[in-house]
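What follows is input_31.cif (mmCIF, C-alpha atoms and all ligand atoms).
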```cif
data_final
loop_
_atom_site.group_PDB
_atom_site.id
_atom_site.type_symbol
_atom_site.label_atom_id
_atom_site.label_comp_id
_atom_site.auth_asym_id
_atom_site.auth_seq_id
_atom_site.Cartn_x
_atom_site.Cartn_y
_atom_site.Cartn_z
ATOM 1 C CA MET A 1 10.108 -22.906 -5.564
ATOM 2 C CA ILE A 2 10.508 -19.146 -5.408
ATOM 3 C CA ASN A 3 9.895 -17.160 -2.195
ATOM 4 C CA VAL A 4 8.832 -13.559 -2.520
ATOM 5 C CA THR A 5 8.376 -10.884 0.115
ATOM 6 C CA ALA A 6 5.552 -8.417 -0.497
ATOM 7 C CA PRO A 7 5.775 -5.130 1.448
ATOM 8 C CA ALA A 8 2.713 -3.063 2.377
ATOM 9 C CA LYS A 9 2.510 0.603 1.418
ATOM 10 C CA ILE A 10 1.381 3.759 3.145
ATOM 11 C CA ASN A 11 0.336 7.019 1.525
ATOM 12 C CA LEU A 12 2.301 9.983 2.792
ATOM 13 C CA PHE A 13 0.131 12.079 0.490
ATOM 14 C CA LEU A 14 -3.033 11.429 -1.494
ATOM 15 C CA ASP A 15 -4.957 13.969 -3.534
ATOM 16 C CA ILE A 16 -7.706 13.258 -6.050
ATOM 17 C CA LEU A 17 -7.298 15.609 -9.012
ATOM 18 C CA GLY A 18 -10.255 14.523 -11.133
ATOM 19 C CA ARG A 19 -11.726 11.767 -13.224
ATOM 20 C CA LEU A 20 -9.955 10.077 -16.121
ATOM 21 C CA GLU A 21 -11.790 9.064 -19.311
ATOM 22 C CA ASN A 22 -11.432 5.390 -18.339
ATOM 23 C CA GLY A 23 -13.485 6.008 -15.170
ATOM 24 C CA PHE A 24 -10.505 5.859 -12.817
ATOM 25 C CA HIS A 25 -9.446 8.914 -10.844
ATOM 26 C CA SER A 26 -6.408 11.016 -11.540
ATOM 27 C CA LEU A 27 -4.316 11.027 -8.395
ATOM 28 C CA PHE A 28 -1.282 12.749 -6.936
ATOM 29 C CA MET A 29 0.229 10.537 -4.251
ATOM 30 C CA VAL A 30 3.419 9.982 -2.338
ATOM 31 C CA MET A 31 3.784 6.278 -1.598
ATOM 32 C CA GLN A 32 6.157 4.456 0.699
ATOM 33 C CA THR A 33 6.765 0.737 1.198
ATOM 34 C CA VAL A 34 7.240 -0.507 4.768
ATOM 35 C CA ASP A 35 8.564 -3.747 6.258
ATOM 36 C CA LEU A 36 5.150 -5.214 7.044
ATOM 37 C CA CYS A 37 5.166 -7.988 4.448
ATOM 38 C CA ASP A 38 3.082 -10.864 3.133
ATOM 39 C CA GLU A 39 5.012 -13.958 2.083
ATOM 40 C CA ILE A 40 4.331 -15.539 -1.271
ATOM 41 C CA THR A 41 5.660 -18.705 -2.850
ATOM 42 C CA VAL A 42 5.314 -19.672 -6.500
ATOM 43 C CA ASP A 43 6.170 -23.016 -8.031
ATOM 44 C CA LYS A 44 5.311 -25.121 -11.072
ATOM 45 C CA GLY A 45 2.620 -27.765 -10.598
ATOM 46 C CA ASN A 46 0.692 -30.010 -12.946
ATOM 47 C CA GLY A 47 -0.714 -27.223 -15.115
ATOM 48 C CA GLY A 48 -3.256 -24.496 -14.451
ATOM 49 C CA ILE A 49 -3.159 -22.057 -11.542
ATOM 50 C CA SER A 50 -3.888 -23.001 -7.941
ATOM 51 C CA LEU A 51 -3.781 -20.729 -4.925
ATOM 52 C CA THR A 52 -3.957 -21.204 -1.177
ATOM 53 C CA CYS A 53 -4.147 -18.272 1.188
ATOM 54 C CA SER A 54 -3.508 -18.400 4.932
ATOM 55 C CA ASP A 55 -6.523 -16.182 5.619
ATOM 56 C CA GLU A 56 -9.709 -18.112 4.922
ATOM 57 C CA ARG A 57 -11.749 -14.920 4.666
ATOM 58 C CA LEU A 58 -10.048 -14.244 1.307
ATOM 59 C CA PRO A 59 -11.049 -16.135 -1.856
ATOM 60 C CA GLN A 60 -8.731 -19.019 -2.796
ATOM 61 C CA ASP A 61 -9.617 -18.991 -6.491
ATOM 62 C CA GLU A 62 -9.701 -16.759 -9.570
ATOM 63 C CA ARG A 63 -11.357 -13.965 -7.553
ATOM 64 C CA ASN A 64 -8.124 -13.480 -5.574
ATOM 65 C CA ILE A 65 -5.981 -10.663 -7.017
ATOM 66 C CA ALA A 66 -2.851 -12.849 -6.680
ATOM 67 C CA TYR A 67 -4.511 -15.424 -8.962
ATOM 68 C CA LYS A 68 -5.493 -12.661 -11.404
ATOM 69 C CA ALA A 69 -1.869 -11.494 -11.447
ATOM 70 C CA ALA A 70 -0.715 -15.006 -12.400
ATOM 71 C CA SER A 71 -3.301 -15.157 -15.213
ATOM 72 C CA ALA A 72 -2.135 -11.754 -16.463
ATOM 73 C CA PHE A 73 1.511 -12.904 -16.388
ATOM 74 C CA PHE A 74 0.784 -16.022 -18.460
ATOM 75 C CA LYS A 75 -1.384 -14.069 -20.913
ATOM 76 C CA ALA A 76 1.296 -11.413 -21.422
ATOM 77 C CA THR A 77 4.161 -13.887 -21.849
ATOM 78 C CA GLY A 78 2.261 -16.501 -23.855
ATOM 79 C CA ILE A 79 3.427 -19.224 -21.447
ATOM 80 C CA GLU A 80 1.000 -22.093 -20.779
ATOM 81 C CA PRO A 81 -0.462 -21.401 -17.275
ATOM 82 C CA ASN A 82 1.230 -23.533 -14.623
ATOM 83 C CA ALA A 83 1.603 -22.114 -11.116
ATOM 84 C CA VAL A 84 1.081 -23.225 -7.538
ATOM 85 C CA ILE A 85 0.814 -20.109 -5.375
ATOM 86 C CA THR A 86 0.729 -19.790 -1.591
ATOM 87 C CA VAL A 87 -0.016 -16.514 0.162
ATOM 88 C CA THR A 88 0.775 -16.047 3.859
ATOM 89 C CA LYS A 89 -1.020 -12.908 5.005
ATOM 90 C CA LYS A 90 0.458 -10.477 7.501
ATOM 91 C CA ILE A 91 -0.913 -7.304 5.905
ATOM 92 C CA PRO A 92 -4.551 -6.759 6.910
ATOM 93 C CA PHE A 93 -6.972 -6.494 3.979
ATOM 94 C CA GLU A 94 -9.377 -3.650 3.100
ATOM 95 C CA ALA A 95 -6.961 -1.606 5.168
ATOM 96 C CA GLY A 96 -5.565 1.048 2.793
ATOM 97 C CA LEU A 97 -2.186 -0.713 2.898
ATOM 98 C CA ALA A 98 -2.289 -2.308 -0.596
ATOM 99 C CA GLY A 99 -2.258 -5.820 0.866
ATOM 100 C CA GLY A 100 -3.864 -7.363 -2.233
ATOM 101 C CA SER A 101 -1.763 -5.328 -4.651
ATOM 102 C CA ALA A 102 1.399 -6.374 -2.800
ATOM 103 C CA ASP A 103 0.459 -10.043 -3.268
ATOM 104 C CA ALA A 104 -0.245 -9.476 -6.977
ATOM 105 C CA ALA A 105 3.101 -7.710 -7.369
ATOM 106 C CA ALA A 106 4.886 -10.582 -5.629
ATOM 107 C CA VAL A 107 3.266 -13.188 -7.900
ATOM 108 C CA ILE A 108 4.432 -11.344 -11.034
ATOM 109 C CA VAL A 109 7.960 -10.882 -9.656
ATOM 110 C CA GLY A 110 8.039 -14.540 -8.541
ATOM 111 C CA LEU A 111 6.792 -15.950 -11.852
ATOM 112 C CA ASN A 112 9.281 -13.780 -13.744
ATOM 113 C CA LYS A 113 12.051 -15.511 -11.774
ATOM 114 C CA LEU A 114 10.472 -18.990 -11.885
ATOM 115 C CA TYR A 115 10.133 -18.897 -15.682
ATOM 116 C CA GLY A 116 13.357 -16.964 -16.373
ATOM 117 C CA THR A 117 11.402 -14.486 -18.491
ATOM 118 C CA GLU A 118 13.660 -11.569 -17.499
ATOM 119 C CA LEU A 119 10.888 -8.992 -17.851
ATOM 120 C CA SER A 120 11.971 -5.443 -16.997
ATOM 121 C CA THR A 121 10.417 -3.679 -14.008
ATOM 122 C CA GLN A 122 8.449 -1.562 -16.495
ATOM 123 C CA ALA A 123 7.113 -4.653 -18.293
ATOM 124 C CA MET A 124 6.073 -6.237 -14.968
ATOM 125 C CA CYS A 125 4.401 -2.958 -13.941
ATOM 126 C CA GLU A 126 2.388 -2.978 -17.176
ATOM 127 C CA ILE A 127 1.157 -6.503 -16.435
ATOM 128 C CA GLY A 128 0.436 -5.473 -12.835
ATOM 129 C CA LEU A 129 -1.661 -2.489 -13.869
ATOM 130 C CA THR A 130 -4.099 -4.822 -15.628
ATOM 131 C CA VAL A 131 -5.076 -6.232 -12.204
ATOM 132 C CA GLY A 132 -4.865 -3.175 -9.926
ATOM 133 C CA SER A 133 -3.815 0.473 -9.820
ATOM 134 C CA ASP A 134 -1.377 0.057 -6.901
ATOM 135 C CA VAL A 135 0.359 -3.047 -8.290
ATOM 136 C CA PRO A 136 3.027 -1.140 -10.288
ATOM 137 C CA PHE A 137 4.087 0.753 -7.164
ATOM 138 C CA CYS A 138 4.118 -2.491 -5.158
ATOM 139 C CA ILE A 139 6.529 -3.923 -7.738
ATOM 140 C CA LYS A 140 8.781 -0.868 -7.684
ATOM 141 C CA GLY A 141 8.556 0.114 -3.996
ATOM 142 C CA GLY A 142 10.621 2.650 -2.066
ATOM 143 C CA THR A 143 9.549 6.290 -1.949
ATOM 144 C CA CYS A 144 7.700 7.434 -5.077
ATOM 145 C CA ILE A 145 5.432 10.127 -6.406
ATOM 146 C CA ALA A 146 2.565 8.230 -8.055
ATOM 147 C CA GLN A 147 0.291 9.959 -10.533
ATOM 148 C CA ASN A 148 -2.532 9.319 -12.994
ATOM 149 C CA ARG A 149 -4.151 6.009 -11.841
ATOM 150 C CA GLY A 150 -1.132 5.525 -9.566
ATOM 151 C CA GLU A 151 1.011 3.847 -12.216
ATOM 152 C CA VAL A 152 3.075 6.870 -13.308
ATOM 153 C CA LEU A 153 5.909 6.575 -10.824
ATOM 154 C CA SER A 154 8.758 8.953 -10.097
ATOM 155 C CA GLU A 155 11.340 7.927 -7.562
ATOM 156 C CA VAL A 156 12.260 10.558 -4.998
ATOM 157 C CA LYS A 157 14.877 10.558 -2.246
ATOM 158 C CA PRO A 158 14.298 7.649 0.180
ATOM 159 C CA LEU A 159 12.493 8.591 3.373
ATOM 160 C CA LYS A 160 15.025 8.829 6.171
ATOM 161 C CA GLU A 161 15.152 6.028 8.730
ATOM 162 C CA CYS A 162 12.200 6.311 11.099
ATOM 163 C CA PHE A 163 9.551 4.204 12.852
ATOM 164 C CA ILE A 164 6.050 3.905 11.481
ATOM 165 C CA VAL A 165 3.259 2.603 13.700
ATOM 166 C CA ILE A 166 0.230 1.329 11.804
ATOM 167 C CA ALA A 167 -3.130 0.636 13.447
ATOM 168 C CA LYS A 168 -6.111 -0.794 11.619
ATOM 169 C CA PRO A 169 -9.586 -0.351 13.062
ATOM 170 C CA GLU A 170 -11.791 -3.441 12.855
ATOM 171 C CA LYS A 171 -14.054 -2.480 9.963
ATOM 172 C CA GLY A 172 -12.548 -2.451 6.467
ATOM 173 C CA VAL A 173 -13.206 0.218 3.835
ATOM 174 C CA SER A 174 -13.999 -0.552 0.189
ATOM 175 C CA THR A 175 -11.797 1.550 -2.106
ATOM 176 C CA ALA A 176 -14.542 1.752 -4.734
ATOM 177 C CA GLN A 177 -16.982 3.139 -2.146
ATOM 178 C CA ALA A 178 -14.361 5.608 -0.921
ATOM 179 C CA PHE A 179 -13.926 6.996 -4.447
ATOM 180 C CA ALA A 180 -17.705 7.161 -4.871
ATOM 181 C CA ALA A 181 -17.946 9.137 -1.617
ATOM 182 C CA ALA A 182 -15.212 11.510 -2.841
ATOM 183 C CA ASP A 183 -17.135 12.028 -6.107
ATOM 184 C CA SER A 184 -20.269 13.084 -4.290
ATOM 185 C CA THR A 185 -18.697 15.910 -2.300
ATOM 186 C CA HIS A 186 -16.371 18.885 -2.650
ATOM 187 C CA ILE A 187 -12.736 18.050 -1.862
ATOM 188 C CA TYR A 188 -10.442 20.675 -0.358
ATOM 189 C CA HIS A 189 -7.065 20.154 -1.990
ATOM 190 C CA PRO A 190 -3.881 20.037 0.059
ATOM 191 C CA ASP A 191 -0.639 21.721 -1.043
ATOM 192 C CA ASN A 192 0.728 19.329 -3.688
ATOM 193 C CA LEU A 193 3.554 21.642 -4.731
ATOM 194 C CA ARG A 194 4.970 22.023 -1.225
ATOM 195 C CA MET A 195 4.850 18.237 -0.770
ATOM 196 C CA LEU A 196 6.525 17.701 -4.143
ATOM 197 C CA ASP A 197 9.228 20.177 -3.144
ATOM 198 C CA ALA A 198 9.697 18.479 0.262
ATOM 199 C CA CYS A 199 10.013 15.056 -1.407
ATOM 200 C CA SER A 200 12.408 16.157 -4.110
ATOM 201 C CA ARG A 201 14.660 17.670 -1.438
ATOM 202 C CA GLY A 202 14.193 14.657 0.854
ATOM 203 C CA ASP A 203 13.257 17.086 3.654
ATOM 204 C CA PHE A 204 11.786 14.795 6.314
ATOM 205 C CA ASN A 205 10.328 17.560 8.490
ATOM 206 C CA ALA A 206 8.708 19.264 5.506
ATOM 207 C CA ILE A 207 7.292 15.908 4.339
ATOM 208 C CA CYS A 208 5.702 15.406 7.779
ATOM 209 C CA LYS A 209 4.380 18.995 7.714
ATOM 210 C CA HIS A 210 2.795 18.844 4.255
ATOM 211 C CA ALA A 211 1.574 15.233 4.340
ATOM 212 C CA SER A 212 -2.164 14.910 3.680
ATOM 213 C CA ASN A 213 -4.829 12.469 2.545
ATOM 214 C CA VAL A 214 -8.077 13.804 1.075
ATOM 215 C CA PHE A 215 -9.907 10.548 1.856
ATOM 216 C CA GLU A 216 -9.941 11.738 5.469
ATOM 217 C CA GLN A 217 -12.476 14.341 4.301
ATOM 218 C CA VAL A 218 -14.940 11.724 3.089
ATOM 219 C CA ILE A 219 -14.279 8.509 5.022
ATOM 220 C CA GLU A 220 -15.646 8.475 8.558
ATOM 221 C CA VAL A 221 -13.699 6.133 10.796
ATOM 222 C CA VAL A 222 -14.724 6.752 14.388
ATOM 223 C CA GLU A 223 -11.568 5.161 15.810
ATOM 224 C CA ARG A 224 -9.356 7.531 13.826
ATOM 225 C CA ILE A 225 -9.569 10.342 16.382
ATOM 226 C CA GLU A 226 -8.633 8.070 19.256
ATOM 227 C CA ILE A 227 -5.765 6.430 17.356
ATOM 228 C CA LYS A 228 -4.389 9.818 16.338
ATOM 229 C CA ASP A 229 -4.693 11.050 19.924
ATOM 230 C CA VAL A 230 -2.592 8.141 21.175
ATOM 231 C CA MET A 231 -0.026 8.677 18.405
ATOM 232 C CA ARG A 232 0.180 12.408 19.158
ATOM 233 C CA SER A 233 0.549 11.855 22.895
ATOM 234 C CA CYS A 234 3.359 9.354 22.242
ATOM 235 C CA GLY A 235 5.295 11.906 20.177
ATOM 236 C CA ALA A 236 4.388 11.135 16.552
ATOM 237 C CA LEU A 237 5.651 13.712 14.030
ATOM 238 C CA LEU A 238 2.806 12.870 11.652
ATOM 239 C CA TYR A 239 -0.404 10.837 12.025
ATOM 240 C CA GLN A 240 -2.612 10.203 9.040
ATOM 241 C CA MET A 241 -4.919 7.716 7.365
ATOM 242 C CA SER A 242 -3.376 5.567 4.612
ATOM 243 C CA GLY A 243 -5.099 5.200 1.228
ATOM 244 C CA SER A 244 -8.866 4.935 1.480
ATOM 245 C CA GLY A 245 -8.465 3.734 5.053
ATOM 246 C CA PRO A 246 -9.241 2.746 7.641
ATOM 247 C CA SER A 247 -5.588 2.220 8.739
ATOM 248 C CA VAL A 248 -3.896 5.132 10.449
ATOM 249 C CA PHE A 249 -0.111 5.452 10.621
ATOM 250 C CA GLY A 250 2.093 7.525 12.886
ATOM 251 C CA ILE A 251 5.710 8.439 12.123
ATOM 252 C CA PHE A 252 8.254 8.581 14.941
ATOM 253 C CA ASP A 253 11.906 9.558 15.163
ATOM 254 C CA SER A 254 12.374 7.548 18.333
ATOM 255 C CA LYS A 255 11.998 3.769 18.513
ATOM 256 C CA GLU A 256 11.120 3.956 22.221
ATOM 257 C CA GLU A 257 8.235 6.349 21.531
ATOM 258 C CA ALA A 258 7.012 4.156 18.686
ATOM 259 C CA GLU A 259 7.145 1.059 20.907
ATOM 260 C CA LYS A 260 5.221 2.883 23.630
ATOM 261 C CA CYS A 261 2.597 3.866 21.050
ATOM 262 C CA VAL A 262 2.264 0.227 19.922
ATOM 263 C CA ARG A 263 1.778 -0.900 23.549
ATOM 264 C CA GLU A 264 -0.921 1.748 24.099
ATOM 265 C CA LEU A 265 -2.788 0.991 20.870
ATOM 266 C CA LYS A 266 -2.675 -2.776 21.442
ATOM 267 C CA LYS A 267 -4.887 -2.251 24.483
ATOM 268 C CA SER A 268 -7.750 -1.386 22.104
ATOM 269 C CA TYR A 269 -6.808 -2.701 18.660
ATOM 270 C CA LYS A 270 -5.853 -6.119 17.324
ATOM 271 C CA ASP A 271 -3.976 -5.018 14.203
ATOM 272 C CA VAL A 272 -1.120 -2.787 15.362
ATOM 273 C CA PHE A 273 2.307 -2.958 13.699
ATOM 274 C CA LEU A 274 5.684 -1.364 14.272
ATOM 275 C CA THR A 275 7.328 -0.897 10.867
ATOM 276 C CA SER A 276 10.100 1.033 9.127
ATOM 277 C CA PRO A 277 10.340 2.366 5.584
ATOM 278 C CA VAL A 278 12.077 0.106 3.034
ATOM 279 C CA ASN A 279 13.520 1.020 -0.344
ATOM 280 C CA TYR A 280 12.206 -1.993 -2.235
ATOM 281 C CA GLY A 281 8.953 -3.460 -3.504
ATOM 282 C CA ALA A 282 8.068 -7.127 -4.031
ATOM 283 C CA LYS A 283 11.347 -9.048 -4.205
ATOM 284 C CA THR A 284 12.520 -12.648 -4.284
ATOM 285 C CA ILE A 285 14.371 -13.874 -1.202
HETATM 286 O O1 LIG B 301 -7.387 -0.495 -9.525
HETATM 287 P P1 LIG B 301 -7.993 -0.991 -8.243
HETATM 288 O O2 LIG B 301 -8.659 -2.328 -8.405
HETATM 289 O O3 LIG B 301 -7.058 -0.963 -7.095
HETATM 290 O O4 LIG B 301 -9.159 0.020 -7.872
HETATM 291 C C1 LIG B 301 -10.050 -0.220 -6.813
HETATM 292 C C2 LIG B 301 -11.186 0.761 -6.914
HETATM 293 O O5 LIG B 301 -10.699 2.102 -6.784
HETATM 294 C C3 LIG B 301 -11.910 0.703 -8.229
HETATM 295 O O6 LIG B 301 -13.280 0.871 -7.963
HETATM 296 C C4 LIG B 301 -11.412 1.878 -9.024
HETATM 297 O O7 LIG B 301 -12.390 2.370 -9.830
HETATM 298 C C5 LIG B 301 -11.040 2.875 -7.918
HETATM 299 N N1 LIG B 301 -9.868 3.663 -8.346
HETATM 300 C C6 LIG B 301 -10.085 4.863 -9.012
HETATM 301 N N2 LIG B 301 -9.015 5.593 -9.436
HETATM 302 C C7 LIG B 301 -7.762 5.171 -9.198
HETATM 303 C C8 LIG B 301 -7.528 3.953 -8.519
HETATM 304 C C9 LIG B 301 -8.617 3.219 -8.105
HETATM 305 O O8 LIG B 301 -11.228 5.276 -9.221
HETATM 306 N N3 LIG B 301 -6.732 5.911 -9.628
#
```

Once more with this new file: its structure as structure tokens, please.
Amino acid sequence: MINVTAPAKINLFLDILGRLENGFHSLFMVMQTVDLCDEITVDKGNGGISLTCSDERLPQDERNIAYKAASAFFKATGIEPNAVITVTKKIPFEAGLAGGSADAAAVIVGLNKLYGTELSTQAMCEIGLTVGSDVPFCIKGGTCIAQNRGEVLSEVKPLKECFIVIAKPEKGVSTAQAFAAADSTHIYHPDNLRMLDACSRGDFNAICKHASNVFEQVIEVVERIEIKDVMRSCGALLYQMSGSGPSVFGIFDSKEEAEKCVRELKKSYKDVFLTSPVNYGAKTI
């Protein structure tokens, strides 16, 4: 049996540049993996693919993205499907944290090890992209500029050690609906070049200054203002929504301030996490 850890991601930057011919949106993002992780196991069974997930609200069959990732792996490698998958959820879903994509990434990485197929990261990313736009980044991990659908990845300097508090309001957001909302309104673009410059220099303060997420212009999450207020009052250097939301993250230099922020937010919210950036994606343990 292979154990795989599947880190969540946050978006330090997210701009929608336009629409691609395939219907997806062309994006400019800065993505970061954090040490809030789902745990996945993969093993061989008696043929076919079976999946159990610790969260009963998620489908336990071929509708689950982790199952789809296994199908895509077997199709791409020509191996007869045979996998028993378990998913232990820690990352909240419909949260803007790539929880599903992280699981899919972990399944591909795990099956690559289980079957000794020795696929390159690039080859695994290509399989991953067939099931979700964020899967390639979840395989690669670290700090990356992600463009086009999100699969064109350029590594930049790792984010310096810091503390990232993540709070997820109760109600999830559908990514498809978020993109539809963005299509129906005018988006004011943030300063992509300054962010690119900050990332290529690894300038933490400049990254915090130029961070932005255009989904905040179209996704209304009432709790966002309150969460940001708490983060600001606790000393966060940056507070922003991740992906299409609704999760909000705050970045702190000081662990004590971050812990205080977690204590404050836990008074009102169930899903509050104290995390740190990591320089890896889905990996076997
Ligand atoms: O690829 P994924 O399944 O994560 O996409 C979820 C939703 O977000 C889909 O509706 C897709 O059309 C939309 N999306 C998009 N452009 C992207 C990534 C996702 O329109 N670059």

Distance filter 8 Å around ligand LIG 301 (chain B), atoms: all atoms listed in the file, out as a list in words: Arg19, Gly23, Phe24, His25, Ser26, Leu27, Ser101, Leu129, Val131, Gly132, Ser133, Asp134, Val135, Asn148, Arg149, Gly150, Ser174, Thr175, Ala176, Gln177, Ala178 and Phe179 of chain A

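Those residues that approach Ile79 in chain A to within 12 Å, counting all atoms listed in the file, are Gly47, Gly48, Ala70, Ser71, Ala72, Phe73, Leu111, Asn112, Leu114, Tyr115, Gly116 and Thr117 of chain A; same-chain residues fewer than 6 positions away are not listed.
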
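Shell of Phe28 in chain A at 7 Å, with all atoms listed in the file counted and residues fewer than 5 places along the chain excluded, is Leu14, Asp15, Ile16, Leu17, Ala146 and Gln147 of chain A.
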
- line: In terms of only C-alpha atoms, the residue from A:Leu97, A:Ile139, A:Cys53, A:Ile2 at minimal distance from Val34 in chain A is A:Leu97

- line: In terms of all atoms listed in the file, the residue from A:Val152, A:Val278, A:Ala236, A:Val84 at minimal distance from Lys260 in chain A is A:Ala236

field: Contact residues around Ser50 in chain A with all atoms listed in the file at 9 Å, ignoring same-chain residues under 2 positions, as a list in words
entry: Gly45, Gly47, Gly48, Thr52, Gln60, Asp61, Glu62, Tyr67, Asn82, Ala83, Val84, Ile85 and Thr86 of chain A

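Each of A:Val109, A:Val30, A:Met1, A:Ala76 was checked against Lys44 in chain A using only C-alpha atoms; the smallest atom-to-atom distance is that of A:Met1.
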
- line: Across A:Glu264, A:Asp43, A:Asp253, A:Asp271, the smallest distance to Lys113 in chain A, with all atoms listed in the file counted, is shown by A:Asp43

field: Residue nearest Ala282 in chain A - candidates A:Glu259, A:Asp197, A:Asp191, A:Asp35, atoms counted: only C-alpha atoms
entry: A:Asp35

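Here the question is which of A:Glu170, A:Glu151, A:Glu161, A:Glu216 gets nearest to Met31 in chain A using all atoms listed in the file, and that residue is A:Glu151.
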
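Atom pair CA of Cys138 in chain A / CA of Ala104 in chain A has a distance of 8.4 Å (rounded to one decimal).
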
- line: Pairwise distance, CA of Gly96 in chain A with CA of Glu256 in chain A, equals 25.8 Å

Would you kindly return, as a short mmCIF file (atom, residue, chain, number, x, y, z; two decimals) with C-alpha atoms, in the frame of the given file, each protein, DNA or RNA residue with an atom no farther than 9 Å from any atom of range 54-56 of chain A, considering all atoms listed in the file and excluding same-chain residues fewer than 5 positions away?
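What follows is the written file part00.cif:
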```cif
data_model
loop_
_atom_site.label_atom_id
_atom_site.label_comp_id
_atom_site.auth_asym_id
_atom_site.auth_seq_id
_atom_site.Cartn_x
_atom_site.Cartn_y
_atom_site.Cartn_z
CA THR A 86 0.73 -19.79 -1.59
CA VAL A 87 -0.02 -16.51 0.16
CA THR A 88 0.78 -16.05 3.86
CA LYS A 89 -1.02 -12.91 5.00
#
```

- prompt: At what distance in Å, to one decimal, does CA of Asn22 in chain A lie from CA of Gly281 in chain A?
  reply: 26.7 Å

- prompt: Taking the file as shown, what set of residues would the PyMOL selection byres (((chain A and resi 209) around 10) and not hetatm) give back, as number ranges by chain?
  reply: A: 194-195, 198, 203-208, 210-212, 237-238
